[in-house]
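Colleague: Supplied structure: upload-v7.txt, compact mmCIF, C-alpha atoms and all ligand atoms.
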# COMPACT_ATOMS: atom_id res chain seq x y z
CA MET A 1 22.36 -48.09 0.17
CA THR A 2 20.82 -44.62 0.50
CA ALA A 3 17.62 -44.45 2.47
CA LEU A 4 14.30 -43.87 0.80
CA VAL A 5 12.50 -40.79 2.05
CA LYS A 6 8.76 -40.67 2.55
CA CYS A 7 7.47 -37.10 2.33
CA GLU A 8 4.59 -36.57 4.72
CA LEU A 9 3.66 -33.02 3.77
CA CYS A 10 0.71 -33.85 1.57
CA PRO A 11 -1.68 -36.75 1.08
CA ARG A 12 0.38 -38.09 -1.80
CA TYR A 13 3.02 -39.43 0.60
CA CYS A 14 5.68 -39.74 -2.12
CA ILE A 15 8.37 -42.29 -1.47
CA LEU A 16 11.55 -40.97 -3.02
CA ASP A 17 14.70 -42.72 -4.05
CA ASN A 18 18.01 -40.85 -3.98
CA GLY A 19 17.92 -37.91 -6.38
CA GLN A 20 14.25 -38.28 -7.02
CA LYS A 21 11.66 -35.53 -6.87
CA GLY A 22 8.12 -35.75 -5.53
CA GLU A 23 4.94 -35.36 -7.57
CA CYS A 24 5.10 -31.63 -6.84
CA ARG A 25 8.63 -31.48 -8.38
CA ILE A 26 9.57 -29.24 -5.48
CA ARG A 27 10.90 -31.74 -2.96
CA VAL A 28 13.80 -34.08 -3.54
CA ASN A 29 15.62 -36.84 -1.68
CA ILE A 30 19.32 -36.05 -1.59
CA GLU A 31 21.24 -38.84 0.08
CA GLY A 32 18.51 -39.72 2.55
CA LYS A 33 17.36 -36.20 3.37
CA LEU A 34 14.39 -34.30 2.02
CA TYR A 35 15.23 -30.93 0.46
CA THR A 36 13.01 -28.25 -1.03
CA LEU A 37 14.27 -26.98 -4.36
CA THR A 38 12.28 -23.78 -4.68
CA TYR A 39 12.86 -22.20 -1.27
CA GLY A 40 13.67 -18.54 -1.85
CA HIS A 41 13.22 -18.79 -5.60
CA PRO A 42 9.89 -17.22 -6.55
CA CYS A 43 9.17 -17.45 -10.27
CA SER A 44 6.48 -14.75 -10.10
CA ILE A 45 6.04 -11.64 -7.98
CA HIS A 46 3.30 -9.17 -8.78
CA ILE A 47 1.17 -6.56 -7.11
CA ASP A 48 -2.49 -7.45 -7.67
CA PRO A 49 -5.74 -6.02 -6.45
CA VAL A 50 -6.92 -8.23 -3.58
CA GLU A 51 -10.17 -8.77 -5.52
CA LYS A 52 -8.19 -10.78 -8.07
CA LYS A 53 -7.37 -13.59 -5.61
CA PRO A 54 -10.48 -13.54 -5.35
CA LEU A 55 -11.02 -12.12 -1.87
CA TYR A 56 -14.11 -9.95 -1.46
CA HIS A 57 -14.24 -9.81 2.34
CA PHE A 58 -10.63 -8.89 3.02
CA LEU A 59 -9.34 -5.30 2.91
CA PRO A 60 -11.35 -4.28 -0.20
CA GLY A 61 -9.57 -2.15 -2.76
CA THR A 62 -6.06 -2.74 -1.40
CA PRO A 63 -3.03 -3.97 -3.34
CA ILE A 64 -1.55 -7.33 -2.35
CA LEU A 65 1.99 -8.52 -3.02
CA SER A 66 1.54 -11.89 -4.71
CA LEU A 67 4.18 -14.52 -5.26
CA ALA A 68 4.75 -18.13 -6.27
CA THR A 69 7.49 -20.62 -6.87
CA VAL A 70 7.18 -23.31 -9.55
CA GLY A 71 5.54 -26.67 -8.81
CA CYS A 72 2.24 -28.05 -7.56
CA ASN A 73 1.13 -31.25 -5.89
CA LEU A 74 -2.00 -31.45 -8.04
CA HIS A 75 -2.07 -31.73 -11.81
CA CYS A 76 -5.39 -30.23 -12.84
CA LYS A 77 -6.11 -30.68 -16.52
CA ASN A 78 -7.57 -27.18 -16.67
CA CYS A 79 -4.71 -25.40 -14.85
CA GLN A 80 -4.60 -21.71 -15.76
CA ASN A 81 -1.00 -21.38 -14.62
CA TRP A 82 0.40 -24.65 -15.92
CA GLU A 83 3.51 -22.98 -17.35
CA ILE A 84 4.71 -22.40 -13.80
CA SER A 85 2.79 -25.01 -11.80
CA GLN A 86 3.69 -27.99 -13.97
CA THR A 87 7.32 -27.18 -14.62
CA GLU A 88 10.65 -28.20 -13.14
CA PRO A 89 12.49 -25.97 -10.68
CA TYR A 90 15.35 -24.12 -12.37
CA GLN A 91 13.80 -24.48 -15.80
CA LEU A 92 12.81 -20.90 -15.21
CA GLU A 93 15.50 -18.38 -14.38
CA THR A 94 14.98 -17.11 -10.83
CA GLU A 95 17.01 -15.16 -8.31
CA PHE A 96 17.25 -15.82 -4.61
CA ILE A 97 14.90 -13.63 -2.56
CA GLU A 98 15.01 -14.22 1.17
CA PRO A 99 11.78 -14.02 3.21
CA GLU A 100 12.89 -10.72 4.81
CA LYS A 101 13.05 -9.17 1.34
CA ILE A 102 9.50 -10.27 0.57
CA SER A 103 8.05 -8.38 3.52
CA ALA A 104 10.32 -5.42 2.74
CA LEU A 105 8.91 -5.37 -0.81
CA ALA A 106 5.34 -5.39 0.52
CA ILE A 107 6.12 -2.45 2.78
CA GLN A 108 7.99 -0.60 0.03
CA TYR A 109 5.03 -0.92 -2.36
CA GLN A 110 2.45 -0.17 0.35
CA CYS A 111 0.77 -3.55 0.28
CA PRO A 112 -0.83 -4.37 3.63
CA SER A 113 -0.83 -8.07 2.81
CA ILE A 114 1.04 -10.81 0.98
CA ALA A 115 -0.55 -13.61 -1.06
CA TYR A 116 1.07 -16.99 -1.55
CA THR A 117 -0.67 -17.91 -4.74
CA TYR A 118 -0.56 -18.71 -8.51
CA THR A 119 0.82 -22.26 -8.01
CA GLU A 120 0.56 -24.11 -4.68
CA PRO A 121 1.83 -22.36 -1.53
CA LEU A 122 1.37 -25.50 0.55
CA ALA A 123 3.80 -27.38 -1.69
CA TYR A 124 6.48 -24.69 -1.40
CA TYR A 125 5.59 -24.93 2.29
CA GLU A 126 8.88 -23.94 3.93
CA TYR A 127 9.14 -20.70 1.94
CA THR A 128 5.50 -19.87 2.64
CA TYR A 129 6.05 -20.56 6.32
CA GLU A 130 9.16 -18.39 6.70
CA CYS A 131 7.67 -15.52 4.69
CA CYS A 132 4.46 -15.69 6.75
CA LYS A 133 6.40 -15.68 10.00
CA ILE A 134 8.50 -12.66 9.16
CA SER A 135 5.63 -10.74 7.56
CA ALA A 136 3.35 -11.32 10.54
CA GLU A 137 6.07 -9.97 12.84
CA LYS A 138 6.15 -6.84 10.68
CA GLY A 139 2.38 -6.36 11.00
CA LEU A 140 1.56 -7.53 7.48
CA LYS A 141 -1.28 -9.95 6.78
CA ASN A 142 -0.80 -13.31 5.08
CA VAL A 143 -3.13 -14.79 2.49
CA LEU A 144 -3.13 -18.33 1.11
CA VAL A 145 -4.66 -19.00 -2.28
CA THR A 146 -4.57 -22.75 -2.36
CA ALA A 147 -6.13 -26.03 -3.38
CA GLY A 148 -5.85 -27.14 0.23
CA TYR A 149 -4.17 -30.47 -0.53
CA ILE A 150 -2.04 -30.89 2.57
CA ASN A 151 -1.84 -33.09 5.67
CA GLU A 152 -3.31 -31.90 8.93
CA GLU A 153 -0.19 -31.63 11.08
CA PRO A 154 1.88 -29.30 8.85
CA TYR A 155 -1.21 -27.24 8.02
CA LYS A 156 -2.03 -26.68 11.68
CA ARG A 157 1.51 -25.45 12.17
CA LEU A 158 1.12 -22.83 9.44
CA LEU A 159 -2.42 -21.64 10.27
CA PRO A 160 -1.61 -19.32 13.21
CA LEU A 161 0.43 -17.18 10.79
CA VAL A 162 -2.38 -16.89 8.22
CA HIS A 163 -5.07 -14.20 8.22
CA SER A 164 -7.09 -15.01 5.15
CA ALA A 165 -7.43 -17.84 2.64
CA ASN A 166 -9.18 -18.53 -0.60
CA ILE A 167 -9.39 -22.28 -0.96
CA ASP A 168 -10.56 -24.06 -4.09
CA LEU A 169 -13.29 -26.58 -3.75
CA LYS A 170 -12.84 -27.75 -7.29
CA GLY A 171 -15.71 -30.19 -7.37
CA PHE A 172 -17.75 -32.21 -4.95
CA SER A 173 -16.93 -35.81 -5.84
CA GLU A 174 -13.92 -38.04 -5.41
CA GLU A 175 -14.28 -38.90 -9.08
CA PHE A 176 -13.88 -35.28 -10.14
CA TYR A 177 -10.75 -34.86 -8.03
CA ARG A 178 -9.32 -38.14 -9.31
CA THR A 179 -9.97 -37.61 -12.99
CA VAL A 180 -9.46 -33.85 -13.34
CA CYS A 181 -6.99 -32.98 -10.59
CA ASP A 182 -5.13 -36.22 -9.89
CA GLY A 183 -5.99 -35.84 -6.22
CA THR A 184 -8.67 -36.66 -3.67
CA LEU A 185 -11.51 -34.64 -2.16
CA LYS A 186 -11.45 -35.66 1.49
CA PRO A 187 -8.21 -33.89 2.52
CA VAL A 188 -9.50 -30.67 0.91
CA LEU A 189 -12.66 -30.75 3.00
CA LYS A 190 -10.53 -31.26 6.11
CA THR A 191 -8.36 -28.26 5.19
CA LEU A 192 -11.46 -26.09 4.70
CA GLU A 193 -12.81 -27.02 8.14
CA LEU A 194 -9.46 -26.48 9.85
CA THR A 195 -9.15 -23.05 8.24
CA LYS A 196 -12.59 -21.86 9.28
CA ASN A 197 -12.24 -23.29 12.79
CA ALA A 198 -8.91 -21.53 13.23
CA GLY A 199 -10.64 -18.18 12.75
CA VAL A 200 -8.93 -17.45 9.44
CA GLU A 201 -11.08 -15.36 7.07
CA LEU A 202 -12.08 -18.04 4.56
CA GLU A 203 -13.51 -17.71 1.07
CA VAL A 204 -14.21 -20.68 -1.19
CA THR A 205 -13.87 -20.85 -4.96
CA ASN A 206 -15.55 -23.35 -7.24
CA LEU A 207 -14.41 -23.20 -10.85
CA VAL A 208 -17.31 -24.38 -12.97
CA ILE A 209 -16.23 -26.55 -15.90
CA PRO A 210 -18.87 -27.36 -18.52
CA THR A 211 -19.88 -31.06 -18.42
CA MET A 212 -17.45 -31.83 -15.57
CA ASN A 213 -18.94 -30.24 -12.45
CA ASP A 214 -21.83 -28.08 -13.65
CA LYS A 215 -24.88 -30.17 -12.81
CA ASP A 216 -27.52 -28.75 -10.45
CA GLU A 217 -26.94 -31.54 -7.96
CA ASP A 218 -23.18 -30.83 -7.99
CA PHE A 219 -23.88 -27.25 -6.89
CA GLN A 220 -26.56 -28.33 -4.46
CA LYS A 221 -24.33 -30.86 -2.67
CA LEU A 222 -21.36 -28.50 -2.56
CA CYS A 223 -23.39 -25.61 -1.16
CA GLU A 224 -25.13 -27.76 1.43
CA TRP A 225 -21.76 -28.99 2.63
CA VAL A 226 -20.44 -25.43 2.88
CA VAL A 227 -23.48 -24.26 4.87
CA SER A 228 -23.37 -27.12 7.35
CA ASN A 229 -19.59 -27.37 7.78
CA LEU A 230 -18.26 -23.85 7.22
CA GLY A 231 -21.31 -21.74 7.90
CA LYS A 232 -23.67 -19.66 5.78
CA ASP A 233 -21.49 -16.57 6.17
CA THR A 234 -18.67 -18.17 4.12
CA PRO A 235 -18.22 -16.22 0.86
CA LEU A 236 -18.47 -18.53 -2.15
CA HIS A 237 -17.16 -17.66 -5.61
CA PHE A 238 -18.28 -19.48 -8.75
CA SER A 239 -15.62 -18.81 -11.37
CA GLN A 240 -15.83 -19.05 -15.11
CA PHE A 241 -13.68 -21.76 -16.67
CA TYR A 242 -11.56 -20.82 -19.63
CA PRO A 243 -10.12 -23.50 -21.97
CA ARG A 244 -6.46 -24.05 -21.02
CA TYR A 245 -3.74 -26.69 -20.75
CA LYS A 246 -5.27 -30.13 -21.33
CA MET A 247 -8.85 -28.91 -21.45
CA THR A 248 -8.96 -26.83 -24.57
CA HIS A 249 -11.76 -28.94 -26.03
CA LEU A 250 -14.36 -27.52 -23.63
CA PRO A 251 -16.04 -24.12 -24.06
CA PRO A 252 -15.93 -21.34 -21.46
CA THR A 253 -18.64 -21.60 -18.81
CA PRO A 254 -21.81 -19.83 -19.98
CA LEU A 255 -23.00 -16.95 -17.81
CA GLU A 256 -26.35 -18.70 -17.29
CA THR A 257 -24.64 -21.67 -15.63
CA LEU A 258 -22.83 -19.40 -13.19
CA LEU A 259 -26.02 -17.49 -12.40
CA LYS A 260 -27.84 -20.78 -11.87
CA ALA A 261 -25.10 -21.95 -9.47
CA ARG A 262 -25.37 -18.66 -7.61
CA GLN A 263 -29.13 -19.00 -7.29
CA ILE A 264 -28.80 -22.54 -5.91
CA ALA A 265 -26.26 -21.32 -3.35
CA LEU A 266 -28.55 -18.46 -2.27
CA ASN A 267 -31.50 -20.85 -1.98
CA VAL A 268 -29.43 -23.16 0.21
CA GLY A 269 -28.86 -20.21 2.54
CA LEU A 270 -25.40 -18.89 1.71
CA GLN A 271 -25.21 -15.17 2.37
CA PHE A 272 -22.38 -14.06 0.10
CA VAL A 273 -22.26 -15.66 -3.33
CA TYR A 274 -20.27 -14.19 -6.20
CA ILE A 275 -19.46 -15.08 -9.76
CA GLY A 276 -15.98 -14.40 -11.10
CA ASN A 277 -13.71 -14.27 -14.17
CA ILE A 278 -16.66 -12.62 -15.91
CA ILE A 279 -18.22 -9.18 -15.58
CA HIS A 280 -21.67 -9.28 -14.01
CA ARG A 281 -22.37 -6.25 -11.84
CA GLU A 282 -24.91 -7.58 -9.38
CA SER A 283 -23.08 -10.85 -8.70
CA SER A 284 -19.86 -9.10 -7.80
CA ASN A 285 -21.38 -6.76 -5.22
CA THR A 286 -21.71 -7.45 -1.50
CA TYR A 287 -25.16 -6.93 -0.01
CA CYS A 288 -26.18 -6.93 3.64
CA PRO A 289 -27.70 -10.32 4.48
CA SER A 290 -30.26 -8.65 6.78
CA CYS A 291 -31.48 -5.44 5.13
CA LYS A 292 -30.17 -6.19 1.61
CA SER A 293 -28.56 -2.78 1.20
CA LEU A 294 -25.53 -2.43 -1.04
CA LEU A 295 -22.33 -2.65 1.01
CA VAL A 296 -19.50 -3.01 -1.51
CA GLU A 297 -19.93 -2.22 -5.18
CA ARG A 298 -17.37 -3.70 -7.56
CA TYR A 299 -16.67 -3.54 -11.26
CA GLY A 300 -14.15 -6.14 -12.35
CA PHE A 301 -11.34 -5.87 -9.82
CA ASN A 302 -12.23 -2.29 -8.91
CA VAL A 303 -14.10 -1.24 -5.80
CA LEU A 304 -16.48 1.59 -6.69
CA GLN A 305 -17.90 2.07 -3.19
CA ASN A 306 -17.38 0.49 0.20
CA ASN A 307 -20.02 1.41 2.75
CA ILE A 308 -19.01 -1.06 5.45
CA SER A 309 -18.18 0.79 8.60
CA GLN A 310 -16.22 -0.97 11.37
CA GLY A 311 -17.17 -4.33 9.91
CA LYS A 312 -20.88 -3.55 10.08
CA CYS A 313 -23.74 -2.62 7.78
CA PRO A 314 -24.22 1.16 8.20
CA LYS A 315 -28.02 0.81 7.95
CA CYS A 316 -28.94 -2.07 10.23
CA ASN A 317 -25.68 -2.60 12.14
CA THR A 318 -25.41 -6.29 11.16
CA GLU A 319 -21.87 -7.56 11.50
CA ILE A 320 -20.47 -8.56 8.10
CA TYR A 321 -18.10 -11.52 7.90
CA GLY A 322 -14.58 -10.51 6.91
CA ILE A 323 -11.48 -8.48 7.71
CA TRP A 324 -12.34 -4.93 6.74
CA GLN A 325 -9.49 -2.86 8.15
CA MET B 326 -6.13 -44.36 -7.96
CA ALA B 327 -2.54 -43.13 -7.94
CA ILE B 328 -1.83 -43.63 -4.24
CA ASN B 329 -3.25 -47.11 -4.08
CA ARG B 330 -1.39 -48.16 -7.20
CA ARG B 331 1.80 -46.85 -5.68
CA LYS B 332 1.15 -48.66 -2.42
CA PHE B 333 0.40 -51.87 -4.24
CA LEU B 334 3.55 -51.66 -6.33
CA SER B 335 5.54 -50.82 -3.25
CA TYR B 336 4.32 -53.98 -1.47
CA PHE B 337 4.88 -56.02 -4.61
CA LEU B 338 8.42 -54.79 -5.07
CA THR B 339 9.20 -55.30 -1.40
CA ALA B 340 8.01 -58.87 -1.71
CA VAL B 341 10.20 -59.45 -4.78
CA ILE B 342 13.21 -57.80 -3.16
CA THR B 343 12.81 -59.90 0.02
CA LYS B 344 12.46 -63.11 -1.99
CA TYR B 345 15.71 -62.47 -3.81
CA GLY B 346 17.49 -61.60 -0.61
CA VAL B 347 18.28 -58.01 -1.53
CA LYS B 348 18.54 -55.71 1.47
CA LYS B 349 15.53 -53.42 1.68
CA PRO B 350 16.57 -49.77 1.86
CA SER B 351 15.54 -48.00 5.03
CA LEU B 352 12.66 -45.56 4.88
CA ILE B 353 12.92 -42.17 6.52
CA ARG B 354 9.75 -40.18 7.13
CA GLN B 355 10.06 -36.45 6.75
CA THR B 356 7.40 -33.75 6.72
CA TYR B 357 9.58 -30.67 6.56
CA ALA B 358 12.18 -30.23 3.88
CA ILE B 359 15.54 -28.54 4.18
CA PRO B 360 15.85 -25.37 2.09
CA LEU B 361 18.39 -25.49 -0.69
CA PRO B 362 18.52 -21.74 -1.04
CA ASN B 363 21.59 -21.38 -3.15
CA LYS B 364 21.51 -22.42 -6.76
CA LYS B 365 25.27 -22.93 -6.78
CA VAL B 366 25.07 -25.58 -4.09
CA LEU B 367 22.66 -27.49 -6.22
CA ILE B 368 24.72 -27.32 -9.38
CA HIS B 369 27.76 -28.37 -7.39
CA PHE B 370 25.79 -31.32 -6.09
CA THR B 371 24.72 -32.51 -9.51
CA THR B 372 28.15 -32.34 -11.04
CA LYS B 373 29.42 -34.61 -8.29
CA ASN B 374 26.63 -37.10 -8.67
CA LYS B 375 25.53 -39.49 -11.30
CA ASN B 376 21.94 -38.78 -10.38
CA ASN B 377 21.12 -35.61 -12.19
CA ILE B 378 18.31 -34.20 -10.12
CA PHE B 379 17.34 -31.70 -12.79
CA SER B 380 16.57 -34.21 -15.47
CA PRO B 381 12.89 -35.02 -15.80
CA LYS B 382 12.26 -38.43 -14.31
CA PRO B 383 9.10 -40.36 -13.62
CA SER B 384 7.75 -38.45 -10.69
CA SER B 385 7.28 -41.31 -8.26
CA TRP B 386 9.97 -43.83 -7.67
CA ILE B 387 8.16 -46.86 -8.96
CA GLY B 388 5.11 -45.36 -10.62
S1 LIG C 1 4.59 -32.37 -0.95
FE1 LIG C 1 5.42 -33.08 -2.92
S2 LIG C 1 6.95 -34.63 -2.39
FE2 LIG C 1 5.70 -34.30 -0.57
S3 LIG C 1 4.11 -35.90 -0.66
FE3 LIG C 1 3.25 -34.06 -1.63
S4 LIG C 1 3.71 -34.25 -3.83
FE4 LIG C 1 5.01 -35.71 -2.73
ZN ZN C 2 -28.00 -4.14 6.78
As structure tokens, how would this structure be written, given the file I've shared?
Ligand code: SF4
Ligand SMILES: [Zn+2]

Modeller:
Amino acid sequence: MTALVKCELCPRYCILDNGQKGECRIRVNIEGKLYTLTYGHPCSIHIDPVEKKPLYHFLPGTPILSLATVGCNLHCKNCQNWEISQTEPYQLETEFIEPEKISALAIQYQCPSIAYTYTEPLAYYEYTYECCKISAEKGLKNVLVTAGYINEEPYKRLLPLVHSANIDLKGFSEEFYRTVCDGTLKPVLKTLELTKNAGVELEVTNLVIPTMNDKDEDFQKLCEWVVSNLGKDTPLHFSQFYPRYKMTHLPPTPLETLLKARQIALNVGLQFVYIGNIIHRESSNTYCPSCKSLLVERYGFNVLQNNISQGKCPKCNTEIYGIWQ
Amino acid sequence: MAINRRKFLSYFLTAVITKYGVKKPSLIRQTYAIPLPNKKVLIHFTTKNKNNIFSPKPSSWIG
């Protein structure tokens, strides 16, 4: 009888029979051993502006090589990338690209950093890890864009190779994570704390879905948690929801809701609060938390001016959280 | 909740299996997976096996 394999990468702890794939569809038990099916097979590679991740405190205005393999260990009903995140490996035609080639592509296209993004980089863990290792050796920076649903031990192993991360805090209740994402909240909070404590440049994104996580007290609780556990210098992005996948019955988030969320976050004491997926000039700029002068002006994904000099406000010399060069 | 349901079913099945004297398969814990970098290896594997790992299956073994 072939052994069952228990995958301990993420809090789902899938127990897999021979030939069976995990919830992420990426990992499979083949005769008592756990294999990853998507290693070296990215389904998407693009060059994006770093602002698209969104990262507003990390090398503004630079291009970032962004890649993903299929699969995800969460199943959010509103997934924007469900065609790749909720599909089977090899349903999409892919070619083998070794980690060395990924960093070579970044260098070739003059991208100072690489983003593991679009689906879930912590589920295609081994590929993320190898690419990060080789890229870091070549002087490139590594960025995770993730839902943060991973166990502590493997995450701690990856963190020293990571420079920046945008982690989703999709809601602030177990119920939201259970009903919308098919996951749990607690491990995500742990991942956020580990990331910040490791000195990785951390930005947090909260996608605001009408009727699901858009109440004042939802924002209040989330922001208070961020201030007390990650610090008031943590950039927070409220993003506009757009009807997709299994949530086409809900309307896009109104601008007023996003502005209200931003105001609550500022009142709670957060220093850098942005709204995204929607054009609103003031809420996409970075201002100095001390003297309020304009530091980075953005329009959409474009940087119109960047006045930060050596990581500091040019007027009052306040150090601004982020990686600026 | 998915995990608890799975755990419960796992205990339940184990109990049933033990009662009927069927040998319980061993359980190997693994955090890191082995890369299967070459598509050909995989296709080769599936043609040799009854278990077609490409076919969509219920995503957890008892759930
Ligand atoms: S990484 Fe995939 S296989 Fe492993 S426990 Fe999570 S969902 Fe299951
Ligand atoms: Zn200033």

Colleague: Quick one: residues within 10 Å of ligand LIG 1 (chain C), with all atoms listed in the file, as JSON, numbers by chain?

Modeller: {"A": [5, 6, 7, 8, 9, 10, 11, 12, 13, 14, 15, 16, 20, 21, 22, 23, 24, 25, 26, 27, 28, 29, 34, 35, 36, 71, 72, 73, 74, 120, 122, 123, 124, 125, 149, 150, 151], "B": [355, 356, 357, 358, 384, 385]}

Colleague: Could I get the residue neighbourhood of ligand ZN 2 (chain C) at 7 Å, counting only C-alpha atoms and all ligand atoms, as a list in words?

Modeller: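 These are the residues that qualify: Cys288, Pro289, Ser290, Cys291, Lys292, Ser293, Cys313, Pro314, Lys315, Cys316, Asn317 and Thr318 of chain A.
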
Colleague: Go ahead and compute the interatomic distance for CA of Lys221 in chain A and CA of Glu297 in chain A, in Å to one decimal.

Modeller: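 Computed distance, CA of Lys221 in chain A to CA of Glu297 in chain A, equals 29.1 Å.
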
Colleague: Which residues are close to range 260-275 of chain A, i.e. within 7 Å by all atoms listed in the file, leaving aside same-chain residues fewer than 5 positions away? Reply as a ChimeraX atom specification.

Modeller: /A:219-220,223-224,227,232-239,283-284,286,289

Colleague: Within 10 Å of Ser351 in chain B, counting all atoms listed in the file, which residues qualify if same-chain residues fewer than 6 places away don't, as a list in words?

Modeller: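 Neighbouring residues, sequence-local ones excluded: Met1, Thr2, Ala3, Leu4, Val5 and Gly32 of chain A.
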
Colleague: What is the distance, in Å and to one decimal place, between CA of Gly148 in chain A and CA of Leu207 in chain A?

Modeller: 14.5 Å

Colleague: As a list in words, please: the residues near Pro360 in chain B (cut-off 9 Å, only C-alpha atoms, same-chain neighbours under 2 positions excluded).

Modeller: Tyr35, Thr36, Leu37, Thr38, Tyr39, Gly40, Glu126 and Tyr127 of chain A; Ala358, Pro362 and Asn363 of chain B

Colleague: Give me the range 61-101 of chain A side of the contact with range 153-177 of chain A, cut-off 12 Å, one line per residue showing its nearest atom pair and distance in Å at one decimal, counting only C-alpha atoms, sorted by chain and residue number, as a Markdown table.

Modeller:
| residue | atom | partner | partner_atom | distance |
| --- | --- | --- | --- | --- |
| A:Leu74 | CA | A:Tyr177 | CA | 9.4 |
| A:His75 | CA | A:Tyr177 | CA | 10.0 |
| A:Cys76 | CA | A:Tyr177 | CA | 8.6 |
| A:Lys77 | CA | A:Tyr177 | CA | 10.5 |
| A:Asn78 | CA | A:Lys170 | CA | 10.8 |
| A:Cys79 | CA | A:Lys170 | CA | 11.3 |

Colleague: If I put a ball of radius 10 Å at (-7.6, -6.7, 1.5) in the file's coordinates, which residues poke into it when counting all atoms listed in the file, written as a list in words?

Modeller: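 Looking at atoms near the point gives Pro49, Val50, Glu51, Lys53, Leu55, Tyr56, His57, Phe58, Leu59, Pro60, Gly61, Thr62, Pro63, Ile64, Cys111, Pro112, Ser113, Ile114, Lys141, Val143, Ser164, Gly322, Ile323, Trp324 and Gln325 of chain A.
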
Colleague: Neighbours of range 191-198 of chain A within 7 Å (all atoms listed in the file; same-chain residues fewer than 3 positions away dropped), as a list in words?

Modeller: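 My list of contacting residues is Gly148, Pro187, Val188, Leu202, Asn229 and Leu230 of chain A.
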
Colleague: Record the distance separating CA of Glu31 in chain A and CA of Ser335 in chain B, expressed in Å with one decimal.

Modeller: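 Separation of CA of Glu31 in chain A and CA of Ser335 in chain B: 20.0 Å.
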
Colleague: Can you list, as number ranges by chain, every protein, DNA or RNA residue that comes within 10 Å of Ile102 in chain A when you count all atoms listed in the file, leaving out same-chain residues fewer than 6 positions away?

Modeller: A: 40, 42, 45, 65-67, 108, 114, 131-132, 134-135

Colleague: Generate a file of the selected residues that holds C-alpha atoms, formatted as a CSV table (one decimal), in the frame of the given file.

Modeller:
chain,number,residue,atom,x,y,z
A,40,GLY,CA,13.7,-18.5,-1.8
A,42,PRO,CA,9.9,-17.2,-6.6
A,45,ILE,CA,6.0,-11.6,-8.0
A,65,LEU,CA,2.0,-8.5,-3.0
A,66,SER,CA,1.5,-11.9,-4.7
A,67,LEU,CA,4.2,-14.5,-5.3
A,108,GLN,CA,8.0,-0.6,0.0
A,114,ILE,CA,1.0,-10.8,1.0
A,131,CYS,CA,7.7,-15.5,4.7
A,132,CYS,CA,4.5,-15.7,6.8
A,134,ILE,CA,8.5,-12.7,9.2
A,135,SER,CA,5.6,-10.7,7.6
